[in-house]
Amino acid sequence: MNIKRAKQEMKDTIQAYLLKDEFGEYAIPAVRQRPVLLIGPPGVGKTQIMEQVAKECGIGLVAYTITHHTRQSAVGLPFLEKKNFGGREYTVTEYTMSEIVASVYNKMEETGLSEGILFLDEINCVSETLAPAMLQFLQCKTFGSHKIPDGWVIAAAGNPPEYNKSVREFDVVTLDRIKKIYVEPDYQVWQEYAVRQNVHPAVQSYLKLKPQNLCRIETTVDGKLFATPRGWEDLSGFIQVYEKLEKKVDREVVAQYLQHPQIAKDFANYLELYNRYRRQYQVEEILAGTIRENVCNQAAKAPFDERLSLVSLLLSGLSGRFAACLELAGDLEILMKELGSYQSCRAAENGGRSNEDGTFVNGIELLERILSEISSRYEEQKKAELLTAGEDRRFRRVMGFLETWSKELKAQRKNDPEEAWQQLRQWFGAESDRYEEMVEAGGAMLEHAFDFMEAAFGDSQEMVIFVTELNSRYSAVSFLQEYQCDRYYEYNKRLLFDQEEADILKRLEN
């Protein structure tokens with residue numbers, strides 16, 4: 001199955017294993033909770049889905065790459081203990097707590113989360129001395145004499161033998177006690193992920209042209225040659241930073257991430273062309289409304305890969321604007337909720353006198369109290385590692401707004417709760433106005449993009465790709481709920497219906 005389905009299977013398994021009955025007992029007893037084993041090629045995203053599932057389910061995560069461990073660190077160190085059996089004293093061997101089991105308890109203590117995932121990567125590549133302990137772990141959920149706490153789901157991952165010569169096959173007894181999931185690379189699923197993660201548009205458009213290069217692992221006389229989804233994503237992040245530094249990404253740089261010489265050379269050449277198209281077609285000017293006839297004619301006569309790159313450049317420019325609108329909309333939603341709390345507190349405290357002795361609580365103190373509460377929530381969730389990168393940034397932006405407003409209230413000495421409230425409403429209104437202006441600007445960019453697409457391509461395959469991509473991008477879909485674009489709905493209805501009808505007829509012919 002693809003990684004998207006594997007993630008859903010993992011989430012479903014977590015929910016099933018952690019479901020409790022009316023007596024507070026797990027509906028599936030711990031002894032029947034089979035460990036989940038993901039098997040798939042390197043770099044396909046097995047480890048990443050564990051991080052996502054833990055955050056989305058609101059549980060802890062302890063992750064280890066088991067090949068980094070010895071038997072002693074996994075099972076514990078031996079020590080001698082005196083015990084009495086049948087009236088006689090014997091010296092017996094005991095073991096200290098496993099480092100891995102101890103890490104689970106540490107995570108519970110640090111985060112306050114009593115349930116979670118214990119994830120062991122490369123589990124089928126352990127050393128010969130550690131292999132029996134791993135089998136015991138999968139079968140009995142223990143390391144040595146120490147049991148994994150109830151409420152912690154065991155998950156593991158490994159590579160098939162064709163990708164790693166160190167792989168050990170599990171026996172039938174072990175396999176009969178686990179849930180085994182084969183994960184395969186899937187370009188369509190990766191493309192959805194790439195859009196959400198803002199993978200560099202050059203990477204996205206290249207792999208749209210050559211999806212077979214998303215995950216290629218070959219064995220040659222010169223050794224392993226490979227390009228993996230993880231390599232593409234890491235390369236994307238590096239390209240984006242290099243662009244900020246105005247440094248060039250050439251074939252040698254690409255080859256550091258894509259260790260397949262042919263693919264590295266091909267993408268490096270494509271990236272150079274992609275950057276040339278950006279300058280040549282002046283995409284920023286198109287989105288700003290400057291559409292030249294000679295540019296439209298050039299685009300219409302260009303090869304398909306060049307036209308696809310141009311569509312990708314237009315979508316990239318639009319996505320940046322749409323994402324900024326979506327980001328501010330999310331900030332305003334939280335700010336509105338927090339200011340609602342301010343208003344509720346102001347009303348509940350009878351105009352600012354909250355204590356029995358009539359002590360005055362001013363507007364600044366109310367705002368700082370709310371800021372303190374949201375800061376506490378942020379620190380609590382951050383400590384529990386439940387925040388995604390986007391959620392973390394949103395918390396910090398909202399706290400930044402509140403801190404700035406608090407400083408301004410102090411500078412203006414607006415202590416009266418009503419006066420402070422009116423000022424806060426004014427500041428919030430200014431941000432709301434800025435959002436409306438951003439939406440209008442984004443809408444104008446979208447209309448200009450349609451103007452160019454119509455002039456250059458008309459009702460072509462490029463327009464189908466353009467509209468389809470808008471449909472698949474979360475930021476675009478969210479933006480189009482705020483901005484009414486008649487041409488988007490027109491093309492969406494007409495072209496995509498025609499395309500679907502053509503696909504059906506083609507299948508019937510075959």
# chains A, B, ... in the order shown; residues from 1 in each chain; ligands from 1
>>> residues_around(residues="Met50 of chain A", least_positions_apart="4", cutoff="8 Å", atoms="only C-alpha atoms", output="PyMOL selection string")
chain A and resi 7+46+54+61+117+119
>>> write_last_selection(atoms="N, CA, C and O atoms", output="CSV table (one decimal), in the first residue's frame")
chain,number,residue,atom,x,y,z
A,7,LYS,N,-0.3,5.3,6.7
A,7,LYS,CA,-0.5,6.3,7.9
A,7,LYS,C,-1.9,6.1,8.4
A,7,LYS,O,-2.1,6.1,9.7
A,46,LYS,N,8.5,6.2,6.2
A,46,LYS,CA,8.0,5.3,7.3
A,46,LYS,C,8.2,6.0,8.7
A,46,LYS,O,7.3,6.0,9.5
A,54,ALA,N,1.6,10.4,15.9
A,54,ALA,CA,1.7,10.7,17.3
A,54,ALA,C,1.1,12.1,17.6
A,54,ALA,O,0.4,12.3,18.6
A,61,LEU,N,5.8,9.9,21.7
A,61,LEU,CA,6.6,9.1,20.7
A,61,LEU,C,8.0,9.0,21.2
A,61,LEU,O,8.6,10.0,21.5
A,117,ILE,N,3.6,5.8,21.3
A,117,ILE,CA,4.2,4.9,20.3
A,117,ILE,C,5.7,4.7,20.7
A,117,ILE,O,6.4,5.7,20.8
A,119,PHE,N,8.7,3.4,18.8
A,119,PHE,CA,9.0,3.1,17.4
A,119,PHE,C,10.5,2.7,17.3
A,119,PHE,O,11.4,3.5,17.7
>>> residues_around(residues="Leu113 of chain A", least_positions_apart="3", cutoff="9 Å", atoms="only C-alpha atoms", output="number ranges by chain")
A: 58-60, 107-110, 116, 384
>>> write_last_selection(atoms="C-alpha atoms", output="tab-separated table (two decimals), in the first residue's frame")
chain	number	residue	atom	x	y	z
A	58	GLY	CA	-2.11	13.51	20.86
A	59	ILE	CA	0.16	10.79	22.25
A	60	GLY	CA	3.87	10.47	22.99
A	107	LYS	CA	8.86	10.49	28.15
A	108	MET	CA	5.79	9.83	30.29
A	109	GLU	CA	7.28	11.84	33.15
A	110	GLU	CA	8.46	14.73	30.95
A	116	GLY	CA	2.26	6.67	23.07
A	384	ALA	CA	4.79	17.15	24.96
>>> select_by_dssp(residues="segment 190-404 of chain A", states="strand (DSSP E)", output="ChimeraX atom specification")
/A:216-220,223-227
>>> residues_around(residues="segment 292-305 of chain A", least_positions_apart="4", cutoff="8 Å", atoms="only C-alpha atoms", output="PyMOL selection string")
chain A and resi 209+281+309+452+455-457
>>> closest_residue(among="A:Leu19, A:His200, A:Tyr95, A:Gln422", to="Glu243 of chain A", atoms="only C-alpha atoms")
A:His200
